[in-house]
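Engineer: Okay, here's the structure, questions in a sec.
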Amino acid sequence: MNIWYTIGKTFLPQLTWRRKVTDKIVYLTFDDGPHPQITPWVIDELDKVGAKGTFFMVGDNVRKHTDTFTLVKNSNNATGNHTMHHVKGWNMSAADYSQDIAQCDQQMNAQRLFRPPFGRINFKAIKAISQDKEIIMWDVLTKDYLPGLQISRALARIKKQTRPGSIIVFHDSEKAELNLKALLPPYLQFLKQEGYQMHTL
């Protein structure tokens with residue numbers, strides 16, 4: 001049972017935790033980029049199975065790696081706002097949180113999708129954010145950012161949690177790189193073998 005999804009859907013139903021679909025479609029998402037080496041690797045892996053993903057980008061990383069941001073856009077993958085400085089919304093005022101989101105929009109051009117870093121959205125800012133953005137959460141968290149992650153167990157868990165409409169979180173970051181590179185290729189093969197289409201949000 002996916003406790004995080006159940007709790008989130010119950011207490012914050014206005015956020016998107018899983019898409020309602022009628023076909024076998026899932027949504028691969030990648031947080032914390034763009035990264036000049038890791039993000040292109042992800043795109044190559046997606047291309048191998050005819051998949052597309054949604055990249056939730058930190059504005060300051062977009063500023064540093066503009067060429068990689070452009071690469072993602074030109075590859076027909078989708079992008080979303082992940083704040084300018086990867087901030088924890090629980091520790092900020094609603095005004096400061098909204099300002100950090102706005103700065104990311106300025107860096108990337110206005111985005112219709114938003115994901116809060118760490119899943120820690122500022123509760124008082126939800127209404128304002130929702131006026132022009134869809135707030136995307138997830139129902140499958142790979143935990144690829146954890147040092148010492150047991151790959152075989154993690155892979156088995158995310159396979160079990162996957163269902164039509166699932167939103168899956170990976171990270172195209174240095175912190176997650178080793179686990180990402182171990183998990184993503186076999187997971188993509190699993191999705192392909194199970195007949196899933198992998199779309200952008």
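In the structure tokens, the first chain shown is A, the next is B, and so on; residue numbers restart at 1 for each chain, and ligands run from 1 in the order shown.
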Could you produce a table of the residues of region 57-121 of chain A lying within 7 Å of region 20-33 of chain A, with the nearest pair of atoms per residue and their separation in Å rounded to one decimal, using only C-alpha atoms, ordered by chain and increasing residue number, as a tab-separated table?

Structural biologist:
residue	atom	partner	partner_atom	distance
A:Met57	CA	A:Gly33	CA	5.0
A:Val58	CA	A:Asp32	CA	5.5
A:Asn61	CA	A:Gly33	CA	6.3

Engineer: With the cut-off set at 8 Å and counting only C-alpha atoms, tabulate each residue of region 103-162 of chain A with an atom at most that distance from an atom of region 76-98 of chain A, showing the nearest atom pair and its distance in Å to one decimal, ordered by chain and increasing number, as CSV.

Structural biologist:
residue,atom,partner,partner_atom,distance
A:Gln103,CA,A:Met84,CA,5.8
A:Cys104,CA,A:Met84,CA,4.4
A:Asp105,CA,A:Asn81,CA,6.7
A:Met108,CA,A:Asn81,CA,7.9
A:Gln111,CA,A:Gly80,CA,5.7
A:Arg112,CA,A:Gly80,CA,6.9
A:Leu113,CA,A:Gly80,CA,4.8
A:Phe114,CA,A:Asn81,CA,4.7
A:Arg115,CA,A:His82,CA,5.4
A:Pro116,CA,A:His82,CA,5.9
A:Pro117,CA,A:His86,CA,5.7
A:Phe118,CA,A:Lys88,CA,6.9
A:Arg120,CA,A:Gly89,CA,5.4
A:Ile121,CA,A:Gly89,CA,4.9
A:Asn122,CA,A:Gly89,CA,4.4
A:Phe123,CA,A:Trp90,CA,7.7
A:Lys124,CA,A:Ala94,CA,5.7
A:Ala125,CA,A:Ala94,CA,5.0
A:Ile129,CA,A:Ser98,CA,7.4

Engineer: Store the residues picked out above, limited to N, CA and C atoms, as a compact mmCIF listing (two decimals), in the first residue's frame.

Structural biologist:
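Printed below is part-v5.txt as written:
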# COMPACT_ATOMS: atom_id res chain seq x y z
N GLN A 103 10.20 33.84 -9.60
CA GLN A 103 11.56 33.99 -10.13
C GLN A 103 11.90 32.84 -11.08
N CYS A 104 11.46 31.64 -10.73
CA CYS A 104 11.70 30.49 -11.61
C CYS A 104 10.96 30.68 -12.92
N ASP A 105 9.73 31.15 -12.85
CA ASP A 105 8.97 31.43 -14.07
C ASP A 105 9.68 32.44 -14.96
N MET A 108 12.50 30.62 -16.74
CA MET A 108 12.12 29.57 -17.68
C MET A 108 11.06 30.01 -18.68
N GLN A 111 5.47 28.77 -16.56
CA GLN A 111 5.21 27.33 -16.65
C GLN A 111 3.79 27.03 -16.14
N ARG A 112 3.14 26.08 -16.78
CA ARG A 112 1.78 25.72 -16.33
C ARG A 112 1.78 24.63 -15.27
N LEU A 113 2.95 23.99 -15.07
CA LEU A 113 3.07 22.92 -14.09
C LEU A 113 4.01 23.35 -12.97
N PHE A 114 3.68 22.94 -11.75
CA PHE A 114 4.53 23.24 -10.60
C PHE A 114 4.62 22.02 -9.70
N ARG A 115 5.82 21.74 -9.24
CA ARG A 115 6.01 20.71 -8.21
C ARG A 115 6.82 21.30 -7.06
N PRO A 116 6.34 21.17 -5.84
CA PRO A 116 7.08 21.69 -4.68
C PRO A 116 8.28 20.80 -4.35
N PRO A 117 9.47 21.40 -4.19
CA PRO A 117 10.61 20.60 -3.75
C PRO A 117 10.32 19.88 -2.43
N PHE A 118 10.79 18.64 -2.35
CA PHE A 118 10.60 17.79 -1.16
C PHE A 118 9.13 17.44 -0.92
N ARG A 120 7.11 19.56 -0.04
CA ARG A 120 6.75 20.43 1.09
C ARG A 120 6.15 21.75 0.57
N ILE A 121 4.94 21.67 0.11
CA ILE A 121 4.30 22.86 -0.42
C ILE A 121 3.88 23.79 0.71
N ASN A 122 3.94 25.07 0.46
CA ASN A 122 3.45 26.05 1.44
C ASN A 122 1.92 26.05 1.36
N PHE A 123 1.28 25.58 2.41
CA PHE A 123 -0.17 25.37 2.38
C PHE A 123 -0.94 26.66 2.12
N LYS A 124 -0.45 27.77 2.66
CA LYS A 124 -1.14 29.04 2.49
C LYS A 124 -1.01 29.58 1.07
N ALA A 125 -0.06 29.06 0.32
CA ALA A 125 0.15 29.55 -1.05
C ALA A 125 -0.58 28.71 -2.10
N ILE A 129 -1.11 29.72 -6.11
CA ILE A 129 -0.38 28.96 -7.13
C ILE A 129 -1.36 28.33 -8.11

Engineer: Taking the DSSP secondary structure from the backbone, can you list the residues of region 3-191 of chain A that are alpha helix (DSSP H), as a PyMOL selection string?

Structural biologist: chain A and resi 3-11+38-48+59-64+66-74+94-108+126-130+151-161+177-191

Engineer: Under the rule that only C-alpha atoms are counted, which of A:Gly119, A:Asp172, A:Ala182, A:Gly195 is the nearest residue to Gly8 (chain A)?

Structural biologist: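 Closest residue, counting only C-alpha atoms: A:Gly119.
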
Engineer: Neighbouring residues of Pro36 (chain A) were defined as those with any atom within 7 Å, considering only C-alpha atoms; residues of the same chain fewer than 4 positions away were excluded. Please report them as an NGL selection string.

Structural biologist: :A and (40 or 65 or 68)

Engineer: Of the candidates A:Ser130, A:Thr142, A:Thr10, A:Gln189, which one gets nearest to Phe170 (chain A) if we count only C-alpha atoms?

Structural biologist: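 The answer is A:Thr142, which sits nearest to Phe170 (chain A).
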
Engineer: Expressed in Å to a single decimal, how great is the separation between CA of Lys52 (chain A) and CA of Leu184 (chain A)?

Structural biologist: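 Here the two named atoms are 13.0 Å from each other.
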
Engineer: What does the structure give for the distance between CA of Ile167 (chain A) and CA of Asp139 (chain A), in Å to one decimal?

Structural biologist: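 Distance between the two atoms: 5.7 Å.
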
Engineer: Excluding Lys192 (chain A) and its own-chain neighbours fewer than 5 positions away, which residues fall within 10 Å of it when counting only C-alpha atoms? Please give them as a ChimeraX atom specification.

Structural biologist: /A:49-51,186-187,197-198

Engineer: How many Å separate CA of Arg19 (chain A) from CA of Gly165 (chain A)?

Structural biologist: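 Rounded to one decimal, the two atoms are 4.5 Å apart.
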
Engineer: Among the residues of region 41-159 of chain A, find those DSSP assigns to strand (DSSP E or B) from the backbone and print them as a PyMOL selection string.

Structural biologist: chain A and resi 53-57+78-81+113-114+134-136+140-141

Engineer: Between A:Gly148, A:Pro34, A:Leu191, A:Ala102, which one has atoms that come closest to Glu174 (chain A), using only C-alpha atoms?

Structural biologist: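 For Glu174 (chain A), the nearest of the given residues is A:Pro34.
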
Engineer: Show which residues sit within 8 Å of Asn179 (chain A), as a list in words. Count only C-alpha atoms, and ignore same-chain residues fewer than 3 positions away.

Structural biologist: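 So the residues in contact are Asp144, Tyr145, Leu149, Ile151, Ala176, Ala182 and Leu183 of chain A.
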